[in-house]
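Text of target-v5.txt (compact mmCIF, C-alpha atoms) as supplied:
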# COMPACT_ATOMS: atom_id res chain seq x y z
CA MET A 1 0.00 0.00 0.00
CA ASP A 2 1.30 3.44 -0.96
CA VAL A 3 0.61 5.57 2.10
CA ARG A 4 0.67 8.72 -0.05
CA SER A 5 -2.50 7.58 -1.83
CA LEU A 6 -4.30 7.83 1.52
CA ILE A 7 -2.65 10.88 3.06
CA SER A 8 -2.76 13.06 -0.06
CA PRO A 9 -4.64 11.37 -2.93
CA THR A 10 -4.24 12.93 -6.37
CA VAL A 11 -6.44 12.89 -9.46
CA GLU A 12 -4.69 11.39 -12.48
CA ASP A 13 -7.73 11.49 -14.73
CA GLU A 14 -10.83 13.40 -13.63
CA GLU A 15 -13.05 11.65 -16.18
CA SER A 16 -11.98 8.23 -14.89
CA LEU A 17 -12.55 9.36 -11.31
CA GLN A 18 -16.07 10.47 -12.23
CA THR A 19 -16.69 7.10 -13.92
CA PHE A 20 -15.54 5.34 -10.74
CA PHE A 21 -17.78 7.55 -8.59
CA ASP A 22 -20.85 6.92 -10.76
CA ALA A 23 -20.38 3.15 -10.49
CA LEU A 24 -19.56 3.39 -6.78
CA ILE A 25 -23.01 4.82 -6.01
CA ASP A 26 -24.68 1.65 -7.33
CA HIS A 27 -22.26 -0.65 -5.50
CA VAL A 28 -22.77 1.20 -2.21
CA LEU A 29 -26.55 0.80 -2.50
CA THR A 30 -26.03 -2.96 -2.90
CA ILE A 31 -23.69 -3.04 0.10
CA GLU A 32 -26.15 -1.10 2.27
CA ARG A 33 -28.93 -3.52 1.34
CA ASP A 34 -26.86 -6.65 1.93
CA VAL A 35 -25.44 -5.42 5.25
CA SER A 36 -28.98 -4.72 6.44
CA ARG A 37 -30.05 -8.24 5.45
CA LEU A 38 -27.04 -9.81 7.16
CA LYS A 39 -27.76 -8.01 10.42
CA ASP A 40 -31.00 -10.03 10.53
CA VAL A 41 -29.54 -13.31 9.20
CA PRO A 42 -25.75 -13.20 9.86
CA GLY A 43 -25.02 -16.63 8.44
CA ASP A 44 -26.69 -16.25 5.03
CA ARG A 45 -23.91 -17.39 2.67
CA ASP A 46 -25.74 -16.18 -0.45
CA VAL A 47 -26.00 -12.62 0.88
CA ILE A 48 -22.35 -12.71 1.99
CA ALA A 49 -21.44 -13.78 -1.54
CA GLU A 50 -23.40 -10.85 -3.01
CA LEU A 51 -21.71 -8.47 -0.60
CA PHE A 52 -18.31 -9.89 -1.56
CA ARG A 53 -19.07 -9.36 -5.27
CA ALA A 54 -20.06 -5.73 -4.68
CA VAL A 55 -16.81 -4.97 -2.84
CA HIS A 56 -14.81 -6.96 -5.43
CA ASN A 57 -16.40 -4.84 -8.18
CA ILE A 58 -15.44 -1.64 -6.36
CA LYS A 59 -11.85 -2.88 -6.16
CA GLY A 60 -11.89 -3.79 -9.87
CA ASP A 61 -13.34 -0.41 -10.87
CA ALA A 62 -10.78 1.38 -8.72
CA SER A 63 -7.99 -0.53 -10.45
CA LEU A 64 -9.30 0.26 -13.94
CA CYS A 65 -9.85 3.93 -13.09
CA LYS A 66 -6.54 4.22 -11.18
CA VAL A 67 -8.16 5.23 -7.90
CA ASP A 68 -5.49 3.89 -5.57
CA PHE A 69 -7.20 4.76 -2.29
CA GLY A 70 -10.28 2.85 -3.54
CA ILE A 71 -8.16 -0.27 -3.96
CA ALA A 72 -6.61 0.25 -0.52
CA ILE A 73 -10.03 0.47 1.16
CA ALA A 74 -11.75 -2.32 -0.78
CA HIS A 75 -8.93 -4.91 -0.58
CA PRO A 76 -9.02 -5.66 3.19
CA ILE A 77 -12.84 -5.65 3.21
CA GLU A 78 -12.73 -8.19 0.40
CA GLY A 79 -10.29 -10.31 2.43
CA LEU A 80 -12.54 -10.19 5.50
CA LEU A 81 -15.63 -11.13 3.47
CA SER A 82 -13.71 -14.01 1.90
CA ARG A 83 -13.16 -15.39 5.41
CA LEU A 84 -16.84 -14.88 6.26
CA ARG A 85 -17.85 -16.65 3.06
CA ALA A 86 -15.60 -19.59 3.96
CA GLY A 87 -17.18 -19.83 7.41
CA GLU A 88 -13.97 -18.85 9.23
CA ALA A 89 -15.70 -15.96 11.02
CA VAL A 90 -19.22 -14.74 11.85
CA PHE A 91 -20.80 -11.51 10.62
CA SER A 92 -21.61 -9.15 13.51
CA ASP A 93 -23.05 -5.68 14.16
CA LEU A 94 -19.54 -4.33 14.63
CA THR A 95 -18.47 -5.81 11.29
CA ALA A 96 -21.49 -4.11 9.73
CA GLU A 97 -20.62 -0.72 11.24
CA ALA A 98 -17.01 -0.96 10.06
CA ILE A 99 -17.97 -1.88 6.48
CA LEU A 100 -20.57 0.88 6.26
CA LEU A 101 -18.11 3.42 7.66
CA ALA A 102 -15.48 2.35 5.11
CA THR A 103 -17.79 2.61 2.11
CA ASP A 104 -19.11 5.93 3.34
CA ARG A 105 -15.57 7.34 3.66
CA LEU A 106 -14.72 6.00 0.20
CA GLU A 107 -17.71 7.81 -1.28
CA LEU A 108 -16.95 11.03 0.62
CA ALA A 109 -13.29 10.95 -0.41
CA THR A 110 -14.12 10.45 -4.09
CA ASP A 111 -16.67 13.24 -4.01
CA ALA A 112 -14.19 15.54 -2.24
CA LEU A 113 -11.55 14.93 -4.91
CA LEU A 114 -14.05 15.62 -7.69
CA THR A 115 -15.12 18.88 -6.06
CA LYS A 116 -11.55 19.80 -5.06
CA ARG A 117 -12.20 19.80 -1.31
CA PRO A 118 -9.74 18.67 1.40
CA LEU A 119 -9.81 15.09 2.67
CA ASP A 120 -8.00 15.71 5.96
CA GLY A 121 -10.96 14.96 8.22
CA LEU A 122 -11.76 11.60 6.62
CA ARG A 123 -8.79 9.83 8.26
CA LEU A 124 -8.28 7.36 5.42
CA LEU A 125 -4.94 6.01 6.68
CA PRO A 126 -6.23 4.82 10.10
CA LEU A 127 -9.33 3.52 8.30
CA VAL A 128 -7.30 1.25 6.02
CA GLN A 129 -4.95 0.24 8.84
CA GLY A 130 -7.98 -0.76 10.92
CA LEU A 131 -9.53 -2.70 8.04
CA GLU A 132 -6.29 -4.61 7.52
CA LYS A 133 -6.21 -5.53 11.22
CA MET A 134 -9.79 -6.80 10.97
CA SER A 135 -9.01 -8.87 7.89
CA ARG A 136 -6.03 -10.54 9.65
CA ALA A 137 -7.49 -10.89 13.16
CA MET A 138 -8.36 -14.20 14.76
CA PRO A 139 -12.13 -14.83 14.59
CA GLU A 140 -12.60 -13.92 18.25
CA GLY A 141 -10.66 -10.67 17.76
CA ILE A 142 -12.49 -9.24 14.71
CA ASP A 143 -15.09 -7.35 16.75
CA ALA A 144 -12.42 -5.76 18.94
CA ALA A 145 -10.50 -4.68 15.83
CA ALA A 146 -13.71 -3.25 14.33
CA ALA A 147 -14.48 -1.28 17.50
CA ALA A 148 -10.94 0.13 17.54
CA LEU A 149 -11.20 1.09 13.86
CA ILE A 150 -14.49 2.93 14.37
CA GLU A 151 -13.21 4.87 17.37
CA SER A 152 -9.91 5.80 15.69
CA VAL A 153 -11.65 7.11 12.56
CA THR A 154 -14.70 8.82 14.06
CA GLY A 155 -13.54 9.63 17.60
CA PHE A 156 -16.62 7.87 19.01
CA LYS A 157 -17.17 4.39 20.37
CA ALA A 158 -19.08 2.00 18.12
CA ALA A 159 -22.86 1.95 18.52
CA ALA A 160 -22.80 -1.85 18.55
CA SER A 161 -20.97 -3.74 21.28
CA ALA A 162 -19.63 -7.26 21.32
CA ALA A 163 -20.35 -7.35 25.04
CA LEU A 164 -24.11 -6.89 24.69
CA PRO A 165 -26.09 -9.73 26.25
CA LYS A 166 -27.55 -12.08 23.70
CA GLY A 167 -30.93 -10.87 22.47
CA LYS A 168 -30.48 -7.26 23.62
CA SER A 169 -31.96 -4.76 21.18
CA LEU A 170 -29.68 -2.59 19.07
CA THR A 171 -32.41 -0.04 18.34
CA SER A 172 -30.16 3.00 18.02
CA SER A 173 -27.72 1.15 15.76
CA ARG A 174 -30.54 -0.12 13.56
CA LYS A 175 -32.08 3.35 13.45
CA ASN A 176 -28.77 4.82 12.28
CA LEU A 177 -28.52 2.11 9.64
CA GLN A 178 -32.07 2.87 8.45
CA VAL A 179 -31.26 6.58 8.15
CA ALA A 180 -28.16 5.71 6.11
CA ASP A 181 -30.25 3.36 3.92
CA ASP A 182 -32.80 6.11 3.34
CA LEU A 183 -30.18 8.70 2.43
CA ARG A 184 -28.50 6.32 -0.03
CA PHE A 185 -31.86 5.67 -1.68
CA PHE A 186 -32.72 9.39 -1.77
CA ARG A 187 -29.35 10.12 -3.35
CA ALA A 188 -29.91 7.43 -5.98
CA ILE A 189 -33.21 9.10 -6.91
CA ALA A 190 -31.49 12.49 -7.18
CA LEU A 191 -28.80 11.06 -9.44
CA GLN A 192 -31.44 9.45 -11.67
CA SER A 193 -33.09 12.85 -12.03
CA GLU A 194 -29.72 14.46 -12.70
CA ALA A 195 -29.07 11.97 -15.50
CA ARG A 196 -32.05 13.29 -17.50
CA SER A 197 -29.93 16.12 -18.92
CA PRO A 198 -26.16 16.65 -19.47
CA MET A 199 -26.65 20.17 -18.05
CA PHE A 200 -27.39 18.72 -14.60
CA LYS A 201 -24.22 16.63 -14.25
CA GLY A 202 -22.79 17.12 -10.75
CA ARG A 203 -25.73 19.29 -9.70
CA THR A 204 -26.67 17.18 -6.67
CA ASN A 205 -23.19 17.30 -5.14
CA ARG A 206 -22.83 21.04 -5.79
CA ILE A 207 -26.13 21.91 -4.13
CA LEU A 208 -25.48 19.55 -1.20
CA ARG A 209 -22.05 21.05 -0.51
CA LEU A 210 -23.36 24.64 -0.64
CA ALA A 211 -26.37 23.83 1.56
CA LEU A 212 -24.38 22.03 4.27
CA GLU A 213 -21.59 24.61 4.31
CA THR A 214 -24.06 27.52 4.41
CA ASN A 215 -25.82 25.85 7.33
CA GLN A 216 -22.46 25.41 9.05
CA ALA A 217 -21.49 29.05 8.43
CA GLY A 218 -24.84 30.18 9.83
CA GLY A 219 -24.42 28.31 13.10
CA LYS A 220 -25.74 24.89 12.04
CA THR A 221 -29.30 25.66 13.14
CA VAL A 222 -30.74 23.15 10.67
CA ASP A 223 -30.49 19.37 11.18
CA PRO A 224 -27.88 18.46 8.52
CA VAL A 225 -29.35 14.99 7.97
CA GLN A 226 -32.81 16.41 7.25
CA LEU A 227 -31.22 19.08 5.04
CA GLU A 228 -29.32 16.45 3.09
CA ALA A 229 -32.53 14.52 2.46
CA ALA A 230 -34.26 17.72 1.34
CA VAL A 231 -31.45 18.46 -1.13
CA TYR A 232 -31.78 14.99 -2.66
CA LEU A 233 -35.57 15.06 -2.96
CA HIS A 234 -36.57 18.72 -3.39
CA ASP A 235 -37.00 18.34 -7.14
CA VAL A 236 -38.33 14.78 -7.25
CA GLY A 237 -41.77 16.22 -8.02
CA MET A 238 -40.34 17.42 -11.34
CA MET A 239 -40.17 13.81 -12.48
CA LEU A 240 -43.96 13.66 -12.26
CA LEU A 241 -44.29 16.51 -14.76
CA PRO A 242 -43.91 16.25 -18.55
CA GLU A 243 -40.25 16.56 -19.56
CA SER A 244 -41.31 19.26 -21.99
CA VAL A 245 -42.05 21.42 -18.93
CA TRP A 246 -39.18 20.85 -16.52
CA LEU A 247 -36.45 20.54 -19.16
CA LYS A 248 -37.67 23.53 -21.17
CA VAL A 249 -34.97 26.09 -21.93
CA GLY A 250 -37.05 28.93 -23.39
CA ARG A 251 -39.87 31.04 -21.97
CA MET A 252 -42.77 29.09 -20.40
CA THR A 253 -46.45 29.56 -21.10
CA ASP A 254 -48.80 30.43 -18.23
CA GLU A 255 -50.09 26.85 -18.23
CA GLU A 256 -46.57 25.46 -17.99
CA LYS A 257 -45.79 27.78 -15.07
CA VAL A 258 -48.86 26.53 -13.20
CA SER A 259 -47.78 22.93 -13.85
CA LEU A 260 -44.21 23.64 -12.70
CA ARG A 261 -45.38 25.21 -9.45
CA SER A 262 -46.98 21.94 -8.40
CA HIS A 263 -43.66 20.13 -8.03
CA PRO A 264 -42.85 21.11 -4.39
CA GLY A 265 -46.23 19.76 -3.28
CA TYR A 266 -45.74 16.45 -5.07
CA ALA A 267 -42.27 15.97 -3.58
CA ALA A 268 -43.24 17.02 -0.05
CA GLY A 269 -46.35 14.82 -0.22
CA LEU A 270 -44.19 11.78 -0.91
CA VAL A 271 -41.55 12.55 1.71
CA GLN A 272 -43.94 13.41 4.56
CA ARG A 273 -45.37 9.91 4.24
CA MET A 274 -41.97 8.44 5.17
CA ASP A 275 -41.46 8.02 8.90
CA GLY A 276 -38.81 10.32 10.34
CA TRP A 277 -38.47 12.73 7.39
CA GLU A 278 -41.19 15.25 8.27
CA GLU A 279 -38.69 18.11 8.70
CA ALA A 280 -37.17 17.43 5.28
CA ALA A 281 -40.67 17.38 3.80
CA ARG A 282 -41.34 20.86 5.21
CA MET A 283 -38.11 22.19 3.70
CA ILE A 284 -39.09 20.73 0.34
CA ALA A 285 -42.62 22.11 0.50
CA GLN A 286 -41.35 25.65 1.22
CA HIS A 287 -38.19 25.95 -0.85
CA HIS A 288 -39.91 28.20 -3.42
CA GLU A 289 -41.60 30.42 -0.84
CA MET A 290 -40.36 34.02 -0.35
CA PRO A 291 -39.95 36.21 2.76
CA ASP A 292 -42.47 38.73 1.36
CA GLY A 293 -45.10 36.04 0.65
CA GLY A 294 -44.66 36.18 -3.11
CA GLY A 295 -43.52 32.59 -3.52
CA TYR A 296 -45.35 29.31 -4.07
CA PRO A 297 -47.16 26.99 -3.54
CA GLN A 298 -48.74 28.36 -0.32
CA GLY A 299 -47.57 31.98 -0.30
CA VAL A 300 -46.26 31.73 3.28
CA LYS A 301 -43.77 34.39 4.37
CA GLY A 302 -41.18 35.47 6.94
CA ASP A 303 -40.76 33.21 9.94
CA GLU A 304 -43.45 30.85 8.63
CA ILE A 305 -40.75 29.53 6.29
CA CYS A 306 -38.33 27.09 7.97
CA ASP A 307 -34.59 27.77 7.88
CA GLY A 308 -33.84 24.65 5.84
CA ALA A 309 -36.16 25.87 3.08
CA LYS A 310 -34.51 29.31 3.17
CA ILE A 311 -31.07 27.74 2.66
CA LEU A 312 -32.33 25.42 -0.06
CA ALA A 313 -33.98 28.34 -1.89
CA ILE A 314 -30.68 30.23 -2.08
CA VAL A 315 -28.43 27.37 -3.17
CA ASP A 316 -30.98 26.02 -5.66
CA ALA A 317 -31.36 29.46 -7.25
CA PHE A 318 -27.58 29.93 -7.33
CA GLU A 319 -27.18 26.65 -9.21
CA ALA A 320 -29.92 27.65 -11.68
CA VAL A 321 -28.24 31.01 -12.39
CA MET A 322 -24.87 29.29 -12.78
CA LEU A 323 -26.34 27.00 -15.44
CA LYS A 324 -27.92 29.97 -17.21
CA HIS A 325 -24.61 31.83 -17.47
CA ILE A 326 -22.13 28.94 -17.75
CA HIS A 327 -21.39 29.88 -21.37
CA ARG A 328 -19.62 32.97 -19.99
CA GLY A 329 -16.94 30.78 -18.37
CA LYS A 330 -16.89 29.46 -14.81
CA ASN A 331 -15.50 32.54 -13.05
CA ARG A 332 -17.79 34.98 -14.80
CA SER A 333 -20.83 32.77 -14.24
CA VAL A 334 -20.05 32.54 -10.50
CA LEU A 335 -19.75 36.31 -10.22
CA ARG A 336 -22.97 36.80 -12.17
CA ALA A 337 -24.79 34.25 -10.00
CA ILE A 338 -23.59 35.92 -6.78
CA ALA A 339 -24.73 39.31 -8.07
CA GLU A 340 -28.18 38.01 -8.99
CA ILE A 341 -28.72 36.25 -5.67
CA ASN A 342 -27.69 39.32 -3.66
CA ALA A 343 -29.84 41.62 -5.79
CA CYS A 344 -33.03 39.64 -5.04
CA ASP A 345 -33.60 41.07 -1.56
CA ASN A 346 -37.29 40.11 -1.54
CA GLN A 347 -36.76 36.55 -2.76
CA PHE A 348 -34.30 35.19 -0.21
CA ALA A 349 -33.96 35.34 3.57
CA PRO A 350 -31.38 38.05 4.34
CA GLU A 351 -30.15 36.25 7.47
CA TRP A 352 -28.91 33.38 5.26
CA ILE A 353 -27.42 35.49 2.46
CA VAL A 354 -24.44 36.50 4.61
CA PRO A 355 -23.33 32.93 5.51
CA PHE A 356 -23.98 31.88 1.90
CA ASN A 357 -21.73 34.69 0.63
CA SER A 358 -18.98 33.60 3.03
CA VAL A 359 -19.13 30.05 1.65
CA ILE A 360 -18.93 31.28 -1.95
CA ARG A 361 -16.07 33.61 -1.07
CA ARG A 362 -14.08 30.70 0.41
CA THR A 363 -14.85 28.64 -2.69
CA ILE A 364 -13.53 31.30 -5.03
CA GLU A 365 -10.45 32.05 -2.95
CA GLY A 366 -9.69 28.34 -2.53
Structure translated into structure tokens:
Amino acid sequence: MDVRSLISPTVEDEESLQTFFDALIDHVLTIERDVSRLKDVPGDRDVIAELFRAVHNIKGDASLCKVDFGIAIAHPIEGLLSRLRAGEAVFSDLTAEAILLATDRLELATDALLTKRPLDGLRLLPLVQGLEKMSRAMPEGIDAAAAALIESVTGFKAAASAALPKGKSLTSSRKNLQVADDLRFFRAIALQSEARSPMFKGRTNRILRLALETNQAGGKTVDPVQLEAAVYLHDVGMMLLPESVWLKVGRMTDEEKVSLRSHPGYAAGLVQRMDGWEEAARMIAQHHEMPDGGGYPQGVKGDEICDGAKILAIVDAFEAVMLKHIHRGKNRSVLRAIAEINACDNQFAPEWIVPFNSVIRRTIEG
């Protein structure tokens, strides 16, 4: 293992890295599903085999696309799963947490490289070192190695515990796993929507980064998990409209505008029916509302609009203006988008414009 590929990964070919990332999303969904199934039936050899194939495919894709840190992360997981498949060890909740953490860090690291963000906080080196210890540990020592890995990478003790009495509920761990499953699924939907037009490539990641960083700059008053879900699903209602409406480039007719304005209601209606995502549904429902009451679909105003919707409104509009002016070149389109957002004093919440501007300023200067 080349330690440099973990401490300071470099991009040899951005197109290949994007290809790896696109395939990784599908593999991670499979891994999330199989891990969830194995937590209920730990000895299911068929599911373990499917999980092994998904990780093996990630390793193969990483090799083809020259993503060295992807190989370094996938290889020890593959070795561990090979032992599980051979019956040399037993799948446990701690094994599940370690695998999910590893695939999550792999996805975050790839996304960070594509968007030219630092990877320092992901702690890839101790992650891989911990995975290698797990893959080589004696069967009775795998859980201890997994717990040490999780604590060294995250700074927190693992939610699962090898010392739990048999039959004790792992409700919080399962709840966390369900949230992760939901977010992966929501992201997959967003990426499907994004694939409808070449113009939208990378849109989901750009909006997510701006939303989370604006929330952070503003004091993190919005639940970041709910905000992430809202970013993924805020435009899912568009997919229920004719493509001639939501992919239209020119001026819309009055009838098309009425049709378009129904999309927040469709999306929020779907999300609010999912247990635990009511706050995200509210953000989605209100992300086209305005402080002066001139927005849609309900015409609510001021403090009636939740903070998550206010953030989403700004970053979504910024992305739209960027697309409109991208032909001017990246730097000019950014400057034009900033100017337009700041000029619309009745459209966006002023208390969130300042933190948004600070995020954009750091992006430009970086």
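If only C-alpha atoms are the atoms counted, then among A:Ile353, A:Val55, A:Leu17, A:Met274 the closest residue to A:Asp111 is A:Leu17.
Between atom CA of A:Ala96 and atom CA of A:Leu6 there is a distance of 22.5 Å.
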Notebook entry, point to check: Which value, in Å to one decimal, gives the distance between atom CA of A:Ala217 and atom CA of A:Pro355?
Noted result: 5.2 Å
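Coordinates place atom CA of A:Leu149 at a distance of 8.7 Å from atom CA of A:Lys133.
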Item checked: Within 10 Å of stretch 225-233 of chain A using all atoms listed in the file, minus same-chain residues under 5 positions, as a PyMOL selection string -> chain A and resi 179-180+182-191+193+204-205+207-209+211-212+215+238+264+267-268+270-271+276-285+287+307-309+311-312+315-316
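Closest approach to A:Asp275 among A:Gln192, A:Leu210, A:Gln178, A:Ala112: A:Gln178, based on only C-alpha atoms.
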Check: Of the candidates A:Ala146, A:Leu260, A:Ala74, A:Leu113, which shows the shortest atom-to-atom distance to A:Asp61, using all atoms listed in the file?
Finding: A:Ala74
With all atoms listed in the file counted and 10 Å as the cut-off, give the residues of stretch 76-113 of chain A in contact with stretch 27-35 of chain A, each with its shortest interatomic distance in Å and the pair that gives it, as a Markdown table.
| residue | atom | partner | partner_atom | distance |
| --- | --- | --- | --- | --- |
| A:Phe91 | CA | A:Val35 | CA | 9.4 |
| A:Ser92 | CA | A:Val35 | CA | 9.8 |
| A:Asp93 | CA | A:Val35 | CA | 9.2 |
| A:Thr95 | CA | A:Val35 | CA | 9.2 |
| A:Ala96 | CA | A:Val35 | CA | 6.1 |
| A:Glu97 | CA | A:Val35 | CA | 9.0 |
| A:Ile99 | CA | A:Val35 | CA | 8.4 |
| A:Leu100 | CA | A:Glu32 | CA | 7.1 |
| A:Thr103 | CA | A:Val28 | CA | 6.7 |
| A:Asp104 | CA | A:Val28 | CA | 8.2 |
| A:Leu106 | CA | A:Val28 | CA | 9.7 |
| A:Glu107 | CA | A:Val28 | CA | 8.4 |
